$ cat my_file.csv   # CSV, C-alpha atoms
chain,number,residue,atom,x,y,z
A,1,THR,CA,102.5,141.8,78.6
A,2,ASP,CA,105.3,143.2,76.6
A,3,ASP,CA,107.5,140.3,77.5
A,4,GLN,CA,104.9,137.9,76.1
A,5,ALA,CA,104.7,140.0,73.0
A,6,VAL,CA,108.4,139.8,72.6
A,7,SER,CA,108.3,136.0,72.8
A,8,LEU,CA,105.5,135.8,70.3
A,9,ALA,CA,107.4,138.1,67.9
A,10,LEU,CA,110.5,135.9,68.1
A,11,TRP,CA,108.3,132.9,67.3
A,12,ASN,CA,106.3,134.5,64.4
A,13,ASN,CA,108.1,137.4,62.9
A,14,PRO,CA,108.9,136.8,59.2
A,15,GLN,CA,112.0,138.9,59.1
A,16,PHE,CA,113.5,137.0,62.0
A,17,HIS,CA,112.7,133.7,60.4
A,18,ALA,CA,114.4,134.9,57.2
A,19,ALA,CA,117.5,135.7,59.2
A,20,LEU,CA,117.4,132.2,60.7
A,21,MET,CA,117.1,130.7,57.2
A,22,ARG,CA,120.1,132.7,56.0
A,23,LEU,CA,122.0,131.2,58.9
A,24,GLY,CA,121.0,127.7,57.9
A,25,LEU,CA,122.2,128.4,54.3
A,26,ALA,CA,125.5,129.6,55.6
A,27,ARG,CA,125.9,126.3,57.5
A,28,GLY,CA,125.4,124.5,54.3
A,29,ASP,CA,128.0,126.6,52.6
A,30,LEU,CA,130.4,125.8,55.3
A,31,ILE,CA,129.9,122.0,54.8
A,32,GLN,CA,130.2,122.5,51.0
A,33,ALA,CA,133.5,124.4,51.4
A,34,GLY,CA,135.0,121.5,53.4
A,35,LEU,CA,134.1,118.9,50.7
A,36,LEU,CA,136.8,117.8,48.3
A,37,THR,CA,136.3,117.8,44.6
A,38,ASN,CA,135.3,114.5,43.1
A,39,PRO,CA,138.1,112.8,41.0
A,40,ASN,CA,137.5,112.3,37.3
A,41,VAL,CA,137.8,108.7,36.2
A,42,GLN,CA,137.9,107.6,32.5
A,43,LEU,CA,137.9,104.0,31.3
A,44,VAL,CA,138.6,102.8,27.7
A,45,PHE,CA,137.6,99.2,27.2
A,46,PRO,CA,139.6,97.0,24.8
A,47,ILE,CA,137.7,97.0,21.6
A,48,GLY,CA,139.4,96.0,18.4
A,49,PRO,CA,143.1,96.9,18.3
A,50,LYS,CA,142.8,99.2,21.4
A,51,ILE,CA,144.1,98.0,24.8
A,52,PHE,CA,142.3,98.5,28.1
A,53,GLU,CA,143.2,102.0,29.6
A,54,SER,CA,142.1,103.8,32.7
A,55,MET,CA,142.9,107.3,33.9
A,56,ALA,CA,142.0,109.1,37.1
A,57,PHE,CA,142.4,112.9,37.4
A,58,ILE,CA,142.6,114.2,41.0
A,59,PRO,CA,142.4,118.0,41.4
A,60,LEU,CA,145.1,118.6,44.0
A,61,GLU,CA,144.5,122.3,44.3
A,62,ALA,CA,141.4,121.4,46.3
A,63,LEU,CA,143.6,120.0,49.1
A,64,VAL,CA,145.5,123.2,49.2
A,65,LEU,CA,142.5,125.6,49.0
A,66,ARG,CA,140.2,123.6,51.2
A,67,PRO,CA,141.4,125.2,54.5
A,68,LEU,CA,141.1,128.7,53.1
A,69,ARG,CA,137.7,128.1,51.7
A,70,SER,CA,136.5,126.6,55.0
A,71,ASP,CA,137.9,129.6,56.8
A,72,VAL,CA,136.0,132.0,54.5
A,73,ALA,CA,132.8,130.1,55.0
A,74,ALA,CA,133.2,129.9,58.8
A,75,THR,CA,133.9,133.6,58.9
A,76,GLU,CA,130.7,134.3,56.9
A,77,LEU,CA,128.7,132.1,59.2
A,78,GLU,CA,130.0,134.0,62.2
A,79,ARG,CA,129.0,137.3,60.5
A,80,LEU,CA,125.5,136.0,59.9
A,81,LYS,CA,125.3,134.9,63.6
A,82,GLN,CA,126.0,138.4,64.7
A,83,GLU,CA,123.5,139.8,62.3
A,84,LEU,CA,120.9,137.4,63.6
A,85,ILE,CA,121.5,138.5,67.1
A,86,GLN,CA,121.1,142.2,66.0
A,87,VAL,CA,117.9,141.4,64.1
A,88,GLY,CA,116.6,139.7,67.3
A,89,LEU,CA,117.6,142.7,69.5
A,90,ASP,CA,116.0,145.1,67.0
A,91,LEU,CA,112.8,143.1,67.0
A,92,VAL,CA,112.7,143.1,70.8
A,93,ARG,CA,113.2,146.9,70.8
A,94,ASP,CA,110.5,147.5,68.1
A,95,VAL,CA,108.0,145.2,69.9
A,96,ARG,CA,108.5,147.0,73.2
A,97,LEU,CA,108.1,150.4,71.5
A,98,ALA,CA,105.0,149.2,69.7
A,99,CYS,CA,103.5,148.1,73.0
A,100,ALA,CA,104.3,151.4,74.6
A,101,GLU,CA,102.8,153.3,71.6
A,102,LEU,CA,99.6,151.2,71.7
A,103,THR,CA,99.2,151.9,75.4
A,104,PHE,CA,99.9,155.6,74.9
A,105,ALA,CA,97.4,155.8,72.0
A,106,GLN,CA,94.7,154.0,74.1
A,107,GLU,CA,95.3,156.3,77.1
A,108,ARG,CA,95.2,159.4,74.9
A,109,ALA,CA,91.9,158.2,73.4
A,110,ALA,CA,90.5,157.7,76.8
A,111,LEU,CA,91.5,161.2,77.9
A,112,ALA,CA,90.1,162.6,74.7
A,113,ASN,CA,86.8,160.9,75.3
A,114,GLU,CA,86.8,162.3,78.8
A,115,ALA,CA,87.5,165.8,77.5
A,116,VAL,CA,84.5,165.4,75.1
A,117,ARG,CA,82.3,164.4,77.9
A,118,VAL,CA,83.4,167.4,80.0
A,119,GLN,CA,82.9,169.8,77.1
A,120,LYS,CA,79.4,168.4,76.5
A,121,ASN,CA,78.5,169.0,80.2
A,122,ILE,CA,79.8,172.5,79.9
A,123,LEU,CA,77.7,173.1,76.8
A,124,ASP,CA,74.6,171.7,78.5
A,125,LEU,CA,75.2,173.9,81.5
A,126,SER,CA,75.7,176.9,79.3
A,127,GLU,CA,72.4,176.3,77.5
A,128,LYS,CA,70.6,176.1,80.8
A,129,GLN,CA,72.3,179.3,82.0
A,130,LEU,CA,71.2,181.0,78.7
A,131,LYS,CA,67.6,179.9,79.3
A,132,ALA,CA,67.9,181.3,82.8
A,133,GLY,CA,69.3,184.6,81.5
A,134,ASP,CA,72.6,184.3,83.3
A,135,ILE,CA,74.9,184.4,80.2
A,136,SER,CA,74.7,185.7,76.7
A,137,GLU,CA,74.2,183.6,73.5
A,138,LEU,CA,77.8,184.3,72.5
A,139,GLU,CA,79.1,182.3,75.4
A,140,VAL,CA,76.9,179.4,74.4
A,141,ILE,CA,78.3,179.6,70.9
A,142,ASN,CA,81.8,179.5,72.2
A,143,ALA,CA,81.0,176.5,74.4
A,144,ARG,CA,79.4,174.7,71.4
A,145,ALA,CA,82.5,175.5,69.2
A,146,THR,CA,84.8,174.2,71.9
A,147,TYR,CA,82.7,171.0,72.2
A,148,LEU,CA,82.8,170.4,68.5
A,149,GLN,CA,86.5,171.0,68.3
A,150,SER,CA,87.2,168.5,71.2
A,151,LYS,CA,84.8,166.0,69.5
A,152,ALA,CA,86.7,166.2,66.2
A,153,GLY,CA,90.1,166.0,67.9
A,154,ALA,CA,89.0,162.9,69.9
A,155,ALA,CA,87.9,161.2,66.7
A,156,GLN,CA,91.4,161.9,65.2
A,157,ILE,CA,93.1,160.7,68.3
A,158,ARG,CA,91.0,157.5,68.4
A,159,MET,CA,92.2,156.7,64.8
A,160,ASN,CA,95.8,156.3,66.3
A,161,VAL,CA,94.7,153.2,68.3
A,162,PRO,CA,94.0,150.8,65.3
A,163,ILE,CA,97.1,152.2,63.6
A,164,ALA,CA,99.3,151.4,66.6
A,165,GLU,CA,97.6,148.0,67.0
A,166,ASN,CA,98.2,147.1,63.4
A,167,ASN,CA,101.9,148.0,63.8
A,168,LEU,CA,102.1,145.7,66.8
A,169,ARG,CA,100.3,142.9,64.9
A,170,GLN,CA,102.7,143.2,62.0
A,171,LEU,CA,105.7,142.7,64.4
A,172,LEU,CA,104.0,139.8,66.1
A,173,GLY,CA,103.2,138.1,62.8
A,174,LEU,CA,99.5,138.3,63.4
A,175,SER,CA,98.6,140.8,60.6
A,176,LEU,CA,96.2,138.3,58.9
A,177,LYS,CA,94.8,136.7,62.0
A,178,PRO,CA,91.8,138.4,63.7
A,179,VAL,CA,93.1,137.8,67.2
A,180,PRO,CA,92.1,140.4,69.8
A,181,LEU,CA,95.0,142.1,71.6
A,182,ALA,CA,94.7,143.3,75.2
A,183,LEU,CA,97.9,144.7,76.6
A,184,ILE,CA,98.7,144.5,80.3
A,185,PRO,CA,100.6,147.7,81.1
A,186,SER,CA,104.1,147.2,82.5
A,187,THR,CA,105.9,149.4,84.9
A,188,VAL,CA,109.2,150.8,83.6
A,189,LYS,CA,111.7,152.0,86.0
A,190,PRO,CA,113.9,154.9,84.9
A,191,ILE,CA,117.6,154.1,84.7
A,192,GLN,CA,120.3,156.7,84.9
A,193,HIS,CA,123.5,155.9,83.0
A,194,ASP,CA,126.5,157.8,81.8
A,195,HIS,CA,126.1,158.4,78.1
A,196,GLN,CA,129.8,158.1,77.3
A,197,ALA,CA,130.0,154.8,79.2
A,198,LEU,CA,127.0,153.5,77.2
A,199,LEU,CA,128.5,154.6,74.0
A,200,ALA,CA,131.8,152.8,74.8
A,201,LYS,CA,129.9,149.7,75.7
A,202,ALA,CA,127.8,149.8,72.5
A,203,LEU,CA,131.0,150.1,70.4
A,204,ALA,CA,132.4,147.1,72.2
A,205,VAL,CA,129.5,144.7,72.2
A,206,ARG,CA,127.0,145.7,69.5
A,207,PRO,CA,126.5,142.7,67.2
A,208,ASP,CA,126.0,144.7,64.0
A,209,LEU,CA,129.4,146.4,64.6
A,210,LYS,CA,131.0,143.0,65.1
A,211,ALA,CA,129.3,141.8,61.9
A,212,ALA,CA,130.8,144.7,60.0
A,213,SER,CA,134.3,144.0,61.3
A,214,ILE,CA,133.9,140.3,60.4
A,215,ALA,CA,132.7,141.3,56.9
A,216,ILE,CA,135.9,143.4,56.4
A,217,GLU,CA,138.1,140.5,57.6
A,218,ASN,CA,136.2,138.1,55.4
A,219,ALA,CA,136.6,140.3,52.4
A,220,LYS,CA,140.4,140.2,52.8
A,221,LYS,CA,140.3,136.4,52.9
A,222,GLN,CA,138.1,136.3,49.8
A,223,VAL,CA,140.6,138.4,47.9
A,224,GLU,CA,143.4,136.0,48.9
A,225,LEU,CA,141.3,133.1,47.9
A,226,THR,CA,140.6,134.7,44.5
A,227,HIS,CA,144.3,135.1,43.9
A,228,TRP,CA,144.8,131.4,44.6
A,229,ASN,CA,141.8,130.3,42.5
A,230,ILE,CA,143.7,130.9,39.3
A,231,LEU,CA,146.1,128.1,40.3
A,232,GLN,CA,144.9,124.6,39.2
A,233,PHE,CA,147.0,121.5,39.3
A,234,GLY,CA,146.2,117.9,39.6
A,235,GLY,CA,147.5,114.4,39.7
A,236,ILE,CA,146.9,111.9,36.9
A,237,SER,CA,147.1,108.1,37.3
A,238,ASP,CA,147.3,106.3,34.0
A,239,ILE,CA,147.0,102.5,33.8
A,240,SER,CA,147.2,100.5,30.6
A,241,SER,CA,147.1,96.7,30.0
A,242,PRO,CA,150.0,95.2,28.2
A,243,GLY,CA,149.5,94.8,24.5
A,244,PRO,CA,150.9,95.5,21.0

$ encode --input "my_file.csv" --output "C-alpha coordinates"
Amino acid sequence: TDDQAVSLALWNNPQFHAALMRLGLARGDLIQAGLLTNPNVQLVFPIGPKIFESMAFIPLEALVLRPLRSDVAATELERLKQELIQVGLDLVRDVRLACAELTFAQERAALANEAVRVQKNILDLSEKQLKAGDISELEVINARATYLQSKAGAAQIRMNVPIAENNLRQLLGLSLKPVPLALIPSTVKPIQHDHQALLAKALAVRPDLKAASIAIENAKKQVELTHWNILQFGGISDISSPGP
(Lines of atoms letter the chains of each structure in order from A and count residues from 1; the text may use other names and numbers.)
(Lines give C-alpha, C1' and ligand atoms only; values in the text may rest on other atoms or scores of the structure.)
Protein backbone atom coordinates (compact mmCIF):
# COMPACT_ATOMS: atom_id res chain seq x y z
CA THR A 1 0.00 0.00 0.00
CA ASP A 2 1.04 3.63 -0.24
CA ASP A 3 1.34 3.77 3.57
CA GLN A 4 3.78 0.85 3.53
CA ALA A 5 5.68 2.53 0.70
CA VAL A 6 6.01 5.69 2.80
CA SER A 7 7.38 3.70 5.75
CA LEU A 8 9.86 1.93 3.47
CA ALA A 9 11.00 5.24 1.97
CA LEU A 10 11.59 6.80 5.39
CA TRP A 11 13.72 3.77 6.24
CA ASN A 12 15.74 3.56 3.01
CA ASN A 13 15.74 6.92 1.22
CA PRO A 14 19.34 8.25 0.90
CA GLN A 15 18.35 11.93 0.93
CA PHE A 16 16.42 11.47 4.17
CA HIS A 17 19.39 9.65 5.73
CA ALA A 18 21.66 12.52 4.67
CA ALA A 19 19.34 14.97 6.46
CA LEU A 20 19.50 12.79 9.58
CA MET A 21 23.30 12.80 9.38
CA ARG A 22 23.38 16.61 9.14
CA LEU A 23 21.27 16.71 12.29
CA GLY A 24 23.77 14.47 14.08
CA LEU A 25 26.65 16.71 13.01
CA ALA A 26 24.76 19.73 14.33
CA ARG A 27 24.39 18.00 17.71
CA GLY A 28 28.15 17.55 17.75
CA ASP A 29 28.64 21.25 16.95
CA LEU A 30 26.37 22.12 19.87
CA ILE A 31 28.49 20.03 22.24
CA GLN A 32 31.67 21.56 20.81
CA ALA A 33 30.32 25.09 21.28
CA GLY A 34 29.73 24.40 24.97
CA LEU A 35 33.27 23.22 25.64
CA LEU A 36 35.81 25.56 27.19
CA THR A 37 39.18 26.17 25.58
CA ASN A 38 41.96 24.19 27.18
CA PRO A 39 44.44 26.27 29.22
CA ASN A 40 48.03 26.53 28.05
CA VAL A 41 50.54 25.42 30.70
CA GLN A 42 54.30 25.96 30.39
CA LEU A 43 56.99 24.56 32.70
CA VAL A 44 60.68 25.59 32.83
CA PHE A 45 62.75 23.18 34.86
CA PRO A 46 65.73 24.43 36.92
CA ILE A 47 68.76 23.70 34.75
CA GLY A 48 71.96 25.57 35.45
CA PRO A 49 71.41 29.10 36.74
CA LYS A 50 67.66 29.09 35.81
CA ILE A 51 65.08 28.66 38.53
CA PHE A 52 61.94 26.54 38.29
CA GLU A 53 59.07 28.45 36.62
CA SER A 54 55.53 27.57 35.64
CA MET A 55 52.96 29.64 33.79
CA ALA A 56 49.33 28.88 32.99
CA PHE A 57 47.43 30.92 30.40
CA ILE A 58 43.62 30.68 30.60
CA PRO A 59 41.61 32.26 27.73
CA LEU A 60 38.93 34.07 29.68
CA GLU A 61 37.04 35.23 26.58
CA ALA A 62 35.79 31.64 26.19
CA LEU A 63 33.82 32.07 29.42
CA VAL A 64 32.19 35.20 28.01
CA LEU A 65 31.51 33.90 24.49
CA ARG A 66 30.49 30.37 25.48
CA PRO A 67 26.78 31.21 26.03
CA LEU A 68 26.58 33.06 22.72
CA ARG A 69 28.31 30.28 20.81
CA SER A 70 26.04 27.69 22.40
CA ASP A 71 23.02 29.79 21.49
CA VAL A 72 24.14 29.99 17.86
CA ALA A 73 24.74 26.23 17.71
CA ALA A 74 21.38 25.48 19.35
CA THR A 75 19.58 27.74 16.88
CA GLU A 76 21.32 26.01 13.96
CA LEU A 77 20.29 22.64 15.38
CA GLU A 78 16.68 23.79 15.57
CA ARG A 79 16.86 24.98 11.94
CA LEU A 80 18.12 21.58 10.82
CA LYS A 81 15.33 19.91 12.79
CA GLN A 82 12.74 21.89 10.87
CA GLU A 83 14.51 21.10 7.60
CA LEU A 84 14.49 17.40 8.49
CA ILE A 85 10.74 17.54 9.10
CA GLN A 86 10.23 19.22 5.73
CA VAL A 87 12.44 16.66 3.97
CA GLY A 88 10.32 13.91 5.52
CA LEU A 89 7.07 15.58 4.50
CA ASP A 90 8.33 16.10 0.97
CA LEU A 91 9.38 12.46 0.81
CA VAL A 92 5.94 11.32 1.98
CA ARG A 93 4.31 13.51 -0.67
CA ASP A 94 6.63 12.30 -3.45
CA VAL A 95 6.11 8.63 -2.54
CA ARG A 96 2.32 8.97 -2.53
CA LEU A 97 2.45 10.77 -5.87
CA ALA A 98 4.76 8.09 -7.29
CA CYS A 99 2.36 5.37 -6.14
CA ALA A 100 -0.54 7.20 -7.76
CA GLU A 101 1.43 7.70 -10.99
CA LEU A 102 2.38 4.02 -11.13
CA THR A 103 -1.23 2.96 -10.58
CA PHE A 104 -2.37 5.44 -13.22
CA ALA A 105 0.25 4.18 -15.71
CA GLN A 106 -0.78 0.56 -15.11
CA GLU A 107 -4.47 1.36 -15.59
CA ARG A 108 -3.74 3.31 -18.77
CA ALA A 109 -1.70 0.41 -20.10
CA ALA A 110 -4.55 -1.99 -19.36
CA LEU A 111 -7.03 0.27 -21.14
CA ALA A 112 -4.67 0.65 -24.09
CA ASN A 113 -4.32 -3.14 -24.39
CA GLU A 114 -8.10 -3.45 -24.28
CA ALA A 115 -8.42 -0.82 -27.02
CA VAL A 116 -5.95 -2.78 -29.17
CA ARG A 117 -8.00 -5.92 -28.65
CA VAL A 118 -11.20 -4.12 -29.63
CA GLN A 119 -9.60 -2.63 -32.75
CA LYS A 120 -8.26 -6.06 -33.70
CA ASN A 121 -11.77 -7.52 -33.45
CA ILE A 122 -13.10 -4.67 -35.59
CA LEU A 123 -10.39 -5.34 -38.19
CA ASP A 124 -11.19 -9.06 -38.25
CA LEU A 125 -14.89 -8.32 -38.63
CA SER A 126 -14.19 -5.83 -41.41
CA GLU A 127 -12.13 -8.39 -43.33
CA LYS A 128 -14.95 -10.93 -43.04
CA GLN A 129 -17.44 -8.32 -44.25
CA LEU A 130 -15.13 -7.54 -47.18
CA LYS A 131 -15.07 -11.21 -48.16
CA ALA A 132 -18.86 -11.29 -47.94
CA GLY A 133 -19.09 -8.18 -50.10
CA ASP A 134 -20.81 -6.05 -47.46
CA ILE A 135 -18.16 -3.27 -47.28
CA SER A 136 -15.52 -1.81 -49.53
CA GLU A 137 -11.75 -2.35 -49.30
CA LEU A 138 -11.30 1.29 -48.23
CA GLU A 139 -13.18 0.63 -44.99
CA VAL A 140 -10.90 -2.32 -44.29
CA ILE A 141 -7.86 -0.13 -44.89
CA ASN A 142 -9.23 2.45 -42.44
CA ALA A 143 -9.86 -0.26 -39.83
CA ARG A 144 -6.34 -1.63 -40.31
CA ALA A 145 -4.82 1.87 -39.95
CA THR A 146 -6.83 2.46 -36.76
CA TYR A 147 -5.66 -0.88 -35.37
CA LEU A 148 -2.00 -0.12 -36.11
CA GLN A 149 -2.31 3.34 -34.56
CA SER A 150 -3.86 1.92 -31.39
CA LYS A 151 -1.14 -0.76 -31.26
CA ALA A 152 1.63 1.84 -31.54
CA GLY A 153 -0.06 4.08 -28.96
CA ALA A 154 -0.43 1.14 -26.55
CA ALA A 155 3.27 0.34 -26.86
CA GLN A 156 4.14 3.92 -25.99
CA ILE A 157 1.74 3.94 -23.06
CA ARG A 158 3.16 0.65 -21.74
CA MET A 159 6.62 2.28 -21.60
CA ASN A 160 5.32 4.64 -18.92
CA VAL A 161 4.83 1.72 -16.51
CA PRO A 162 8.55 0.85 -15.98
CA ILE A 163 9.39 4.57 -15.87
CA ALA A 164 6.88 5.17 -13.08
CA GLU A 165 8.05 2.02 -11.29
CA ASN A 166 11.69 3.11 -11.44
CA ASN A 167 10.76 6.53 -10.02
CA LEU A 168 9.05 4.80 -7.11
CA ARG A 169 12.01 2.46 -6.62
CA GLN A 170 14.37 5.41 -6.43
CA LEU A 171 12.30 7.04 -3.69
CA LEU A 172 12.08 3.75 -1.79
CA GLY A 173 15.84 3.21 -1.99
CA LEU A 174 15.37 0.01 -4.02
CA SER A 175 16.91 1.15 -7.31
CA LEU A 176 19.65 -1.49 -7.25
CA LYS A 177 17.54 -4.31 -5.76
CA PRO A 178 15.43 -6.44 -8.15
CA VAL A 179 12.47 -6.64 -5.80
CA PRO A 180 9.07 -6.95 -7.52
CA LEU A 181 6.60 -4.22 -6.64
CA ALA A 182 2.87 -4.86 -6.55
CA LEU A 183 0.81 -1.88 -5.46
CA ILE A 184 -2.46 -2.31 -3.62
CA PRO A 185 -4.73 0.55 -4.77
CA SER A 186 -5.91 2.83 -1.98
CA THR A 187 -9.12 4.80 -1.90
CA VAL A 188 -8.66 8.55 -1.62
CA LYS A 189 -11.56 10.59 -0.37
CA PRO A 190 -11.89 14.07 -1.82
CA ILE A 191 -11.48 16.80 0.79
CA GLN A 192 -12.93 20.26 0.36
CA HIS A 193 -11.11 23.12 2.07
CA ASP A 194 -10.98 26.86 1.87
CA HIS A 195 -7.84 27.76 -0.08
CA GLN A 196 -7.25 30.94 1.92
CA ALA A 197 -7.50 29.02 5.18
CA LEU A 198 -5.05 26.44 3.87
CA LEU A 199 -2.64 29.17 2.81
CA ALA A 200 -2.79 30.82 6.23
CA LYS A 201 -2.21 27.47 7.93
CA ALA A 202 0.73 26.69 5.65
CA LEU A 203 2.38 30.03 6.40
CA ALA A 204 1.93 29.33 10.11
CA VAL A 205 3.16 25.74 10.39
CA ARG A 206 5.29 24.82 7.36
CA PRO A 207 8.69 23.60 8.63
CA ASP A 208 10.68 25.06 5.72
CA LEU A 209 9.28 28.53 6.47
CA LYS A 210 10.17 28.08 10.14
CA ALA A 211 13.67 26.99 9.12
CA ALA A 212 14.08 30.12 7.01
CA SER A 213 12.98 32.35 9.91
CA ILE A 214 15.39 30.55 12.25
CA ALA A 215 18.19 30.97 9.71
CA ILE A 216 17.60 34.75 9.63
CA GLU A 217 17.63 34.90 13.43
CA ASN A 218 20.78 32.78 13.58
CA ALA A 219 22.53 35.01 11.02
CA LYS A 220 22.00 38.00 13.31
CA LYS A 221 23.49 36.06 16.23
CA GLN A 222 26.49 35.04 14.14
CA VAL A 223 27.11 38.69 13.22
CA GLU A 224 27.10 39.58 16.91
CA LEU A 225 29.42 36.67 17.68
CA THR A 226 31.78 37.79 14.92
CA HIS A 227 32.01 41.24 16.47
CA TRP A 228 32.96 39.73 19.84
CA ASN A 229 35.46 37.26 18.37
CA ILE A 230 37.99 40.07 17.87
CA LEU A 231 38.18 40.41 21.66
CA GLN A 232 40.68 38.07 23.28
CA PHE A 233 41.81 38.33 26.84
CA GLY A 234 43.09 35.81 29.32
CA GLY A 235 44.49 35.27 32.76
CA ILE A 236 48.09 34.31 33.44
CA SER A 237 49.27 32.57 36.57
CA ASP A 238 53.07 32.75 36.99
CA ILE A 239 54.88 30.80 39.68
CA SER A 240 58.63 30.86 40.30
CA SER A 241 60.71 29.13 42.92
CA PRO A 242 62.89 31.35 45.10
CA GLY A 243 66.45 31.70 43.90
CA PRO A 244 69.17 34.21 42.92

$ atom_distance --input "my_file.csv" --atom1 "CA of Leu10 (chain A)" --atom2 "CA of Leu172 (chain A)"
7.8 Å

$ closest_residue --input "my_file.csv" --among "A:Leu203, A:Cys99, A:Leu225, A:Leu168" --to "Thr1 (chain A)" --atoms "only C-alpha atoms"
A:Cys99

$ atom_distance --input "my_file.csv" --atom1 "CA of Val179 (chain A)" --atom2 "CA of Ala152 (chain A)"
29.1 Å

$ closest_residue --input "my_file.csv" --among "A:Asn229, A:Ser70, A:Gln106, A:Ser186" --to "Gly28 (chain A)" --atoms "all atoms listed in the file"
A:Ser70

$ residues_around --input "my_file.csv" --residues "Val161 (chain A)" --least-positions-apart "4" --cutoff "8 Å" --atoms "only C-alpha atoms" --output "ChimeraX atom specification"
/A:102,105-106,109,157,165

$ residues_around --input "my_file.csv" --residues "Tyr147 (chain A)" --least-positions-apart "2" --cutoff "8 Å" --atoms "all atoms listed in the file" --output "mmCIF file with C-alpha atoms, in the coordinates of the input"
data_model
loop_
_atom_site.group_PDB
_atom_site.id
_atom_site.type_symbol
_atom_site.label_atom_id
_atom_site.label_comp_id
_atom_site.auth_asym_id
_atom_site.auth_seq_id
_atom_site.Cartn_x
_atom_site.Cartn_y
_atom_site.Cartn_z
ATOM 1 C CA VAL A 116 84.500 165.400 75.100
ATOM 2 C CA GLN A 119 82.900 169.800 77.100
ATOM 3 C CA LYS A 120 79.400 168.400 76.500
ATOM 4 C CA LEU A 123 77.700 173.100 76.800
ATOM 5 C CA ALA A 143 81.000 176.500 74.400
ATOM 6 C CA ARG A 144 79.400 174.700 71.400
ATOM 7 C CA ALA A 145 82.500 175.500 69.200
ATOM 8 C CA GLN A 149 86.500 171.000 68.300
ATOM 9 C CA SER A 150 87.200 168.500 71.200
ATOM 10 C CA LYS A 151 84.800 166.000 69.500
#

$ residues_around --input "my_file.csv" --residues "Leu80 (chain A)" --least-positions-apart "2" --cutoff "8 Å" --atoms "all atoms listed in the file" --output "ChimeraX atom specification"
/A:22-23,26,76-78,82-84,211

$ closest_residue --input "my_file.csv" --among "A:Val6, A:Leu174, A:Val140, A:Val72" --to "Asp29 (chain A)" --atoms "only C-alpha atoms"
A:Val72

$ closest_residue --input "my_file.csv" --among "A:Leu171, A:Ile31, A:Leu36, A:Met55" --to "Ser7 (chain A)" --atoms "all atoms listed in the file"
A:Leu171

$ residues_around --input "my_file.csv" --residues "Ile216 (chain A)" --least-positions-apart "6" --cutoff "12 Å" --atoms "only C-alpha atoms" --output "PDB file with C-alpha atoms, in the frame of the given file"
ATOM      1  CA  VAL A  72     136.000 132.000  54.500  1.00  0.00           C
ATOM      2  CA  THR A  75     133.900 133.600  58.900  1.00  0.00           C
ATOM      3  CA  GLU A  76     130.700 134.300  56.900  1.00  0.00           C
ATOM      4  CA  ARG A  79     129.000 137.300  60.500  1.00  0.00           C
ATOM      5  CA  LEU A 209     129.400 146.400  64.600  1.00  0.00           C
ATOM      6  CA  LYS A 210     131.000 143.000  65.100  1.00  0.00           C
ATOM      7  CA  GLN A 222     138.100 136.300  49.800  1.00  0.00           C
ATOM      8  CA  VAL A 223     140.600 138.400  47.900  1.00  0.00           C
TER       9      VAL A 223
END

$ closest_residue --input "my_file.csv" --among "A:Asn166, A:Ala112, A:Asp194, A:Phe104" --to "Leu181 (chain A)" --atoms "all atoms listed in the file"
A:Asn166

$ closest_residue --input "my_file.csv" --among "A:Ile58, A:Ile122, A:Ala19, A:Ala219" --to "Gly235 (chain A)" --atoms "only C-alpha atoms"
A:Ile58

$ atom_distance --input "my_file.csv" --atom1 "CA of Leu183 (chain A)" --atom2 "CA of Trp11 (chain A)"
18.3 Å
